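Text of input-v9.pdb (PDB, C-alpha atoms, pLDDT in the B column) as supplied:
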```
ATOM      1  CA  PRO A  60      53.931  54.118 -40.510  1.00 60.00           C
ATOM      2  CA  ASP A  61      52.466  56.354 -43.152  1.00 81.00           C
ATOM      3  CA  PRO A  62      48.860  55.743 -44.259  1.00 84.00           C
ATOM      4  CA  ALA A  63      49.901  54.406 -47.693  1.00 88.00           C
ATOM      5  CA  ALA A  64      52.216  51.804 -46.114  1.00 89.00           C
ATOM      6  CA  SER A  65      49.515  50.864 -43.594  1.00 91.00           C
ATOM      7  CA  ALA A  66      46.997  50.402 -46.390  1.00 92.00           C
ATOM      8  CA  LYS A  67      49.459  48.188 -48.259  1.00 94.00           C
ATOM      9  CA  VAL A  68      50.039  46.029 -45.150  1.00 94.00           C
ATOM     10  CA  LEU A  69      46.280  45.746 -44.562  1.00 95.00           C
ATOM     11  CA  LEU A  70      45.743  44.748 -48.183  1.00 95.00           C
ATOM     12  CA  LYS A  71      48.418  42.039 -47.926  1.00 96.00           C
ATOM     13  CA  ALA A  72      47.032  40.778 -44.601  1.00 96.00           C
ATOM     14  CA  GLY A  73      43.519  40.735 -46.052  1.00 96.00           C
ATOM     15  CA  ALA A  74      44.747  38.664 -49.003  1.00 97.00           C
ATOM     16  CA  LEU A  75      46.452  36.225 -46.606  1.00 97.00           C
ATOM     17  CA  LYS A  76      43.227  35.980 -44.600  1.00 98.00           C
ATOM     18  CA  ASP A  77      41.308  35.165 -47.785  1.00 98.00           C
ATOM     19  CA  GLU A  78      43.927  32.569 -48.662  1.00 98.00           C
ATOM     20  CA  GLY A  79      43.579  31.046 -45.178  1.00 98.00           C
ATOM     21  CA  ASN A  80      39.781  30.988 -45.540  1.00 98.00           C
ATOM     22  CA  ALA A  81      40.115  29.136 -48.872  1.00 98.00           C
ATOM     23  CA  PHE A  82      42.440  26.570 -47.257  1.00 98.00           C
ATOM     24  CA  PHE A  83      39.986  26.221 -44.366  1.00 98.00           C
ATOM     25  CA  LYS A  84      37.115  25.459 -46.750  1.00 97.00           C
ATOM     26  CA  GLU A  85      39.302  22.757 -48.347  1.00 97.00           C
ATOM     27  CA  LYS A  86      40.042  21.393 -44.837  1.00 97.00           C
ATOM     28  CA  GLU A  87      43.741  22.112 -45.353  1.00 98.00           C
ATOM     29  CA  TYR A  88      44.060  23.296 -41.779  1.00 97.00           C
ATOM     30  CA  PRO A  89      47.873  23.558 -41.464  1.00 98.00           C
ATOM     31  CA  LYS A  90      47.999  25.743 -44.593  1.00 98.00           C
ATOM     32  CA  ALA A  91      45.117  27.856 -43.274  1.00 98.00           C
ATOM     33  CA  ILE A  92      46.979  28.404 -39.987  1.00 98.00           C
ATOM     34  CA  ARG A  93      50.156  29.345 -41.861  1.00 98.00           C
ATOM     35  CA  SER A  94      48.264  31.972 -43.901  1.00 98.00           C
ATOM     36  CA  TYR A  95      46.521  33.391 -40.825  1.00 98.00           C
ATOM     37  CA  ARG A  96      49.799  33.559 -38.874  1.00 98.00           C
ATOM     38  CA  ARG A  97      51.551  35.386 -41.697  1.00 97.00           C
ATOM     39  CA  ALA A  98      48.664  37.865 -41.794  1.00 97.00           C
ATOM     40  CA  VAL A  99      48.829  38.343 -37.989  1.00 97.00           C
ATOM     41  CA  SER A 100      52.600  38.968 -38.189  1.00 96.00           C
ATOM     42  CA  SER A 101      52.165  41.648 -40.810  1.00 94.00           C
ATOM     43  CA  VAL A 102      49.234  43.472 -39.207  1.00 95.00           C
ATOM     44  CA  LYS A 103      49.895  43.225 -35.450  1.00 90.00           C
ATOM     45  CA  ARG A 104      52.106  46.331 -35.324  1.00 89.00           C
ATOM     46  CA  LEU A 105      49.456  48.569 -36.864  1.00 92.00           C
ATOM     47  CA  GLN A 106      47.321  50.471 -34.377  1.00 89.00           C
ATOM     48  CA  THR A 107      44.435  51.488 -36.618  1.00 92.00           C
ATOM     49  CA  ASP A 108      40.889  50.360 -35.866  1.00 93.00           C
ATOM     50  CA  GLU A 109      40.799  48.487 -39.170  1.00 94.00           C
ATOM     51  CA  ALA A 110      44.025  46.636 -38.304  1.00 95.00           C
ATOM     52  CA  GLN A 111      42.741  45.712 -34.833  1.00 96.00           C
ATOM     53  CA  GLU A 112      39.479  44.447 -36.326  1.00 96.00           C
ATOM     54  CA  LEU A 113      41.398  42.322 -38.829  1.00 97.00           C
ATOM     55  CA  LEU A 114      43.645  41.017 -36.038  1.00 97.00           C
ATOM     56  CA  VAL A 115      40.609  39.877 -34.008  1.00 98.00           C
ATOM     57  CA  SER A 116      39.157  38.176 -37.088  1.00 98.00           C
ATOM     58  CA  LEU A 117      42.441  36.380 -37.798  1.00 98.00           C
ATOM     59  CA  HIS A 118      42.768  35.138 -34.216  1.00 98.00           C
ATOM     60  CA  ASN A 119      39.140  33.955 -34.287  1.00 98.00           C
ATOM     61  CA  ASN A 120      39.788  32.116 -37.548  1.00 98.00           C
ATOM     62  CA  MET A 121      42.874  30.424 -36.108  1.00 98.00           C
ATOM     63  CA  SER A 122      40.851  29.516 -33.043  1.00 98.00           C
ATOM     64  CA  MET A 123      38.249  27.842 -35.264  1.00 98.00           C
ATOM     65  CA  VAL A 124      40.922  25.876 -37.146  1.00 98.00           C
ATOM     66  CA  TYR A 125      42.463  24.658 -33.897  1.00 98.00           C
ATOM     67  CA  PHE A 126      39.017  23.693 -32.639  1.00 97.00           C
ATOM     68  CA  LYS A 127      38.423  21.647 -35.810  1.00 97.00           C
ATOM     69  CA  GLN A 128      41.798  19.965 -35.233  1.00 97.00           C
ATOM     70  CA  GLU A 129      40.788  19.265 -31.611  1.00 97.00           C
ATOM     71  CA  ASP A 130      43.810  21.252 -30.405  1.00 97.00           C
ATOM     72  CA  TYR A 131      41.874  22.902 -27.603  1.00 97.00           C
ATOM     73  CA  SER A 132      44.811  24.557 -25.823  1.00 97.00           C
ATOM     74  CA  ARG A 133      45.788  26.422 -29.008  1.00 98.00           C
ATOM     75  CA  CYS A 134      42.129  27.151 -29.657  1.00 98.00           C
ATOM     76  CA  LEU A 135      41.917  28.771 -26.205  1.00 98.00           C
ATOM     77  CA  SER A 136      45.154  30.649 -26.826  1.00 98.00           C
ATOM     78  CA  SER A 137      43.950  32.084 -30.152  1.00 98.00           C
ATOM     79  CA  ALA A 138      40.564  33.034 -28.710  1.00 98.00           C
ATOM     80  CA  GLY A 139      42.413  34.657 -25.788  1.00 97.00           C
ATOM     81  CA  ALA A 140      44.544  36.661 -28.239  1.00 97.00           C
ATOM     82  CA  ALA A 141      41.356  37.915 -29.917  1.00 98.00           C
ATOM     83  CA  LEU A 142      39.933  38.860 -26.505  1.00 98.00           C
ATOM     84  CA  LYS A 143      43.087  40.820 -25.616  1.00 97.00           C
ATOM     85  CA  VAL A 144      42.395  43.049 -28.595  1.00 96.00           C
ATOM     86  CA  ASP A 145      38.609  43.083 -28.137  1.00 97.00           C
ATOM     87  CA  PRO A 146      37.439  41.812 -24.717  1.00 97.00           C
ATOM     88  CA  GLU A 147      33.805  41.977 -25.859  1.00 97.00           C
ATOM     89  CA  ASN A 148      34.164  39.809 -28.949  1.00 97.00           C
ATOM     90  CA  VAL A 149      31.286  37.330 -28.755  1.00 97.00           C
ATOM     91  CA  LYS A 150      32.851  34.942 -31.281  1.00 97.00           C
ATOM     92  CA  ALA A 151      36.055  34.682 -29.209  1.00 98.00           C
ATOM     93  CA  LEU A 152      34.052  34.218 -25.995  1.00 98.00           C
ATOM     94  CA  PHE A 153      31.999  31.511 -27.708  1.00 97.00           C
ATOM     95  CA  ARG A 154      35.119  29.698 -28.955  1.00 97.00           C
ATOM     96  CA  THR A 155      36.660  29.975 -25.477  1.00 98.00           C
ATOM     97  CA  ALA A 156      33.555  28.338 -24.021  1.00 97.00           C
ATOM     98  CA  GLN A 157      33.609  25.547 -26.607  1.00 97.00           C
ATOM     99  CA  ALA A 158      37.271  24.696 -26.064  1.00 97.00           C
ATOM    100  CA  ALA A 159      36.963  24.992 -22.282  1.00 97.00           C
ATOM    101  CA  ARG A 160      33.993  22.588 -22.335  1.00 96.00           C
ATOM    102  CA  LYS A 161      35.973  20.125 -24.445  1.00 96.00           C
ATOM    103  CA  THR A 162      38.810  20.200 -21.902  1.00 95.00           C
ATOM    104  CA  GLY A 163      36.388  19.820 -18.986  1.00 93.00           C
ATOM    105  CA  ASP A 164      36.975  23.348 -17.651  1.00 95.00           C
ATOM    106  CA  TYR A 165      33.302  24.080 -17.070  1.00 94.00           C
ATOM    107  CA  ASP A 166      33.963  27.104 -14.854  1.00 95.00           C
ATOM    108  CA  LYS A 167      35.892  28.832 -17.638  1.00 96.00           C
ATOM    109  CA  ALA A 168      33.209  27.838 -20.153  1.00 96.00           C
ATOM    110  CA  LYS A 169      30.420  29.222 -17.936  1.00 95.00           C
ATOM    111  CA  GLU A 170      32.302  32.486 -17.382  1.00 96.00           C
ATOM    112  CA  ALA A 171      32.873  33.007 -21.123  1.00 97.00           C
ATOM    113  CA  LEU A 172      29.243  32.203 -21.899  1.00 96.00           C
ATOM    114  CA  LYS A 173      27.967  34.508 -19.174  1.00 96.00           C
ATOM    115  CA  ASN A 174      29.913  37.366 -20.786  1.00 97.00           C
ATOM    116  CA  ALA A 175      28.808  36.389 -24.306  1.00 96.00           C
ATOM    117  CA  ILE A 176      25.133  36.269 -23.281  1.00 95.00           C
ATOM    118  CA  LYS A 177      25.416  39.721 -21.673  1.00 96.00           C
ATOM    119  CA  LEU A 178      26.778  41.072 -24.964  1.00 96.00           C
ATOM    120  CA  ASP A 179      24.459  39.154 -27.299  1.00 96.00           C
ATOM    121  CA  PRO A 180      21.453  37.663 -25.456  1.00 94.00           C
ATOM    122  CA  THR A 181      19.802  36.404 -28.663  1.00 95.00           C
ATOM    123  CA  ASN A 182      22.813  34.512 -30.077  1.00 95.00           C
ATOM    124  CA  LYS A 183      21.552  30.983 -30.796  1.00 96.00           C
ATOM    125  CA  ASP A 184      25.030  29.396 -30.902  1.00 95.00           C
ATOM    126  CA  VAL A 185      25.867  30.831 -27.495  1.00 95.00           C
ATOM    127  CA  LYS A 186      22.571  29.563 -26.049  1.00 94.00           C
ATOM    128  CA  LYS A 187      23.180  26.104 -27.545  1.00 95.00           C
ATOM    129  CA  GLU A 188      26.694  26.027 -26.084  1.00 94.00           C
ATOM    130  CA  ALA A 189      25.321  27.085 -22.683  1.00 94.00           C
ATOM    131  CA  ALA A 190      22.955  24.100 -22.796  1.00 94.00           C
ATOM    132  CA  MET A 191      25.856  21.785 -23.685  1.00 94.00           C
ATOM    133  CA  VAL A 192      27.964  23.141 -20.826  1.00 94.00           C
ATOM    134  CA  LYS A 193      25.051  22.672 -18.423  1.00 93.00           C
ATOM    135  CA  LYS A 194      24.649  19.085 -19.645  1.00 93.00           C
ATOM    136  CA  GLY A 195      28.401  18.500 -19.247  1.00 91.00           C
ATOM    137  CA  VAL A 196      28.334  19.799 -15.668  1.00 90.00           C
ATOM    138  CA  GLU A 197      25.400  17.493 -14.844  1.00 91.00           C
ATOM    139  CA  GLU A 198      27.178  14.483 -16.399  1.00 89.00           C
ATOM    140  CA  GLU A 199      30.317  15.272 -14.424  1.00 87.00           C
ATOM    141  CA  LYS A 200      28.279  15.405 -11.207  1.00 87.00           C
ATOM    142  CA  ARG A 201      26.673  12.047 -12.033  1.00 88.00           C
ATOM    143  CA  ARG A 202      30.073  10.495 -12.756  1.00 86.00           C
ATOM    144  CA  ALA A 203      31.507  11.841  -9.507  1.00 85.00           C
ATOM    145  CA  LYS A 204      28.506  10.562  -7.577  1.00 84.00           C
ATOM    146  CA  LYS A 205      28.875   7.152  -9.189  1.00 83.00           C
ATOM    147  CA  ALA A 206      32.645   7.091  -8.623  1.00 82.00           C
ATOM    148  CA  PHE A 207      32.275   7.931  -4.952  1.00 79.00           C
ATOM    149  CA  GLY A 208      29.062   5.867  -4.881  1.00 68.00           C
ATOM    150  CA  GLY A 209      27.648   6.986  -1.600  1.00 57.00           C
ATOM    151  CA  ALA A 210      30.994   6.576   0.147  1.00 58.00           C
ATOM    152  CA  PHE A 211      29.656   8.836   2.866  1.00 56.00           C
ATOM    153  CA  ASN A 212      26.154   7.402   3.098  1.00 54.00           C
ATOM    154  CA  LYS A 213      25.197   5.014   5.874  1.00 50.00           C
ATOM    155  CA  GLY A 214      24.091   1.552   4.786  1.00 48.00           C
ATOM    156  CA  THR A 215      25.129   1.696   1.129  1.00 51.00           C
ATOM    157  CA  GLY A 216      28.442  -0.086   1.182  1.00 51.00           C
ATOM    158  CA  GLY A 217      30.299   3.148   1.800  1.00 53.00           C
ATOM    159  CA  LEU A 218      32.765   4.205   4.464  1.00 56.00           C
ATOM    160  CA  TYR A 219      30.279   3.933   7.318  1.00 56.00           C
ATOM    161  CA  ASP A 220      29.560   0.301   6.469  1.00 58.00           C
ATOM    162  CA  ASP A 221      33.298  -0.408   6.429  1.00 64.00           C
ATOM    163  CA  LYS A 222      33.663   1.110   9.893  1.00 69.00           C
ATOM    164  CA  GLU A 223      30.647  -0.813  11.124  1.00 72.00           C
ATOM    165  CA  ALA A 224      32.076  -4.086   9.800  1.00 69.00           C
ATOM    166  CA  GLU A 225      35.448  -3.291  11.396  1.00 76.00           C
ATOM    167  CA  LYS A 226      33.752  -2.608  14.724  1.00 78.00           C
ATOM    168  CA  LYS A 227      31.877  -5.934  14.592  1.00 80.00           C
ATOM    169  CA  GLU A 228      35.055  -7.818  13.690  1.00 79.00           C
ATOM    170  CA  LYS A 229      36.885  -6.200  16.588  1.00 81.00           C
ATOM    171  CA  GLU A 230      34.068  -7.116  18.986  1.00 83.00           C
ATOM    172  CA  ALA A 231      34.057 -10.719  17.679  1.00 78.00           C
ATOM    173  CA  ARG A 232      37.845 -10.931  18.174  1.00 82.00           C
ATOM    174  CA  LYS A 233      37.515  -9.609  21.729  1.00 84.00           C
ATOM    175  CA  ARG A 234      34.782 -12.166  22.503  1.00 84.00           C
ATOM    176  CA  GLU A 235      36.909 -14.966  21.057  1.00 81.00           C
ATOM    177  CA  GLU A 236      39.976 -13.816  22.995  1.00 82.00           C
ATOM    178  CA  SER A 237      37.891 -13.577  26.135  1.00 82.00           C
ATOM    179  CA  ARG A 238      36.453 -17.083  25.586  1.00 83.00           C
ATOM    180  CA  LEU A 239      39.924 -18.543  24.938  1.00 81.00           C
ATOM    181  CA  LYS A 240      41.312 -16.790  27.998  1.00 84.00           C
ATOM    182  CA  LYS A 241      38.457 -18.152  30.127  1.00 85.00           C
ATOM    183  CA  GLU A 242      38.977 -21.704  28.783  1.00 82.00           C
ATOM    184  CA  LYS A 243      42.690 -21.444  29.512  1.00 81.00           C
ATOM    185  CA  GLU A 244      42.010 -20.281  33.064  1.00 83.00           C
ATOM    186  CA  GLU A 245      39.533 -23.142  33.578  1.00 83.00           C
ATOM    187  CA  ARG A 246      42.098 -25.710  32.333  1.00 81.00           C
ATOM    188  CA  GLU A 247      44.743 -24.286  34.630  1.00 78.00           C
ATOM    189  CA  GLU A 248      42.271 -24.368  37.498  1.00 79.00           C
ATOM    190  CA  LYS A 249      41.480 -28.064  36.785  1.00 77.00           C
ATOM    191  CA  ARG A 250      45.201 -28.900  36.729  1.00 77.00           C
ATOM    192  CA  ARG A 251      45.736 -27.331  40.080  1.00 76.00           C
ATOM    193  CA  LYS A 252      42.975 -29.432  41.662  1.00 70.00           C
TER     194      LYS A 252
END
```
Using the file provided, produce a representation of the structure as C-alpha cells.
Amino acid sequence: PDPAASAKVLLKAGALKDEGNAFFKEKEYPKAIRSYRRAVSSVKRLQTDEAQELLVSLHNNMSMVYFKQEDYSRCLSSAGAALKVDPENVKALFRTAQAARKTGDYDKAKEALKNAIKLDPTNKDVKKEAAMVKKGVEEEKRRAKKAFGGAFNKGTGGLYDDKEAEKKEKEARKREESRLKKEKEEREEKRRK
C-alpha cells in the first residue's frame, strides 16, 4: 500500500491501541481485547518497521490482559505471536515465563527467562520471575518427594518394606503348611499302628 494509506492504517491502529489501554486501566478486559484485536487486524498486513513494532506491542498488551484474566493458554499464544514478529522481545519472553510458570511448565518458563536474561541482564521483573520459577521447581520437587514418600527407600514404609513383609508372610505360610503337613503325617502314622 502507498505510504499515505499505511500512515492512515497506523493512525487508526494506534487509536485502537489507546482505546484498549484505557479499557485495560478500567479493568474492562474483554473490551480491551476487542480493541487490541481490531488494531492487530488492521496493522498485521503492513510490513513497515513501525507497523511491526506496533504489532508486537499489541500482542504484548493482549498477553497482559489474558494473564490478568488467568487465561494462561491465550496469554502464551499472544506472547508467542509477539515473539514471532520479534524473537528478542523481553516483555514477550517475560510474559511467556509468567504464564508457563502458572501452568506448571517450568521448563518453558526457564527457557524464556534464560533468553530474557541474556537480552536484558539487569531487568528486575525478569530476575524476580526467575526466583519465582526456581521456587516453583523446588516446591514441585518437594511435592513429588512427599507423594512418592520414599517409595524406593529401604525401611521407610516404601516398596522394599512391602516386599520384605510379603517375604515374611510367605515364609510364615510355608512354616505353617509344613507344620500342618507334619501333624497330618504323624496322625496317619498313629492310625496305622
Surrounding residues of segment 115-131 of chain A excluding itself and chain neighbours under 5 positions, 9 Å, all atoms listed in the file, as a ChimeraX atom specification: /A:76,79-80,83,86,88-89,91-92,95-96,98-99,110,136-145,148,150-151,154-155,157-159,161-162
For atom CA of Lys183 of chain A and atom CA of Glu109 of chain A, the interatomic separation in Å (one decimal): 27.3 Å
Explicit residue set for the PyMOL selection byres ((chain A and resi 149) around 9), as a PyMOL selection string: chain A and resi 146-148+150-154+171-172+174-176+178-179+185
Distance criterion (all atoms listed in the file): nearest to Asp164 of chain A out of A:Arg232, A:Lys84, A:Lys226, A:Lys193: A:Lys193
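Atom pair atom CA of Gly195 of chain A / atom CA of Tyr165 of chain A: separated by 7.7 Å.
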Separation of atom CA of Lys103 of chain A from atom CA of Gly73 of chain A, in Å and rounded to one decimal: 12.6 Å
For Glu198 of chain A, the nearest of the candidates A:Arg93, A:Pro180, A:Gly163, A:Ala231, counting only C-alpha atoms: A:Gly163
All residues 10 Å or closer to Pro62 of chain A, only C-alpha atoms, same chain fewer than 5 positions away omitted, as a ChimeraX atom specification: /A:67-68,107
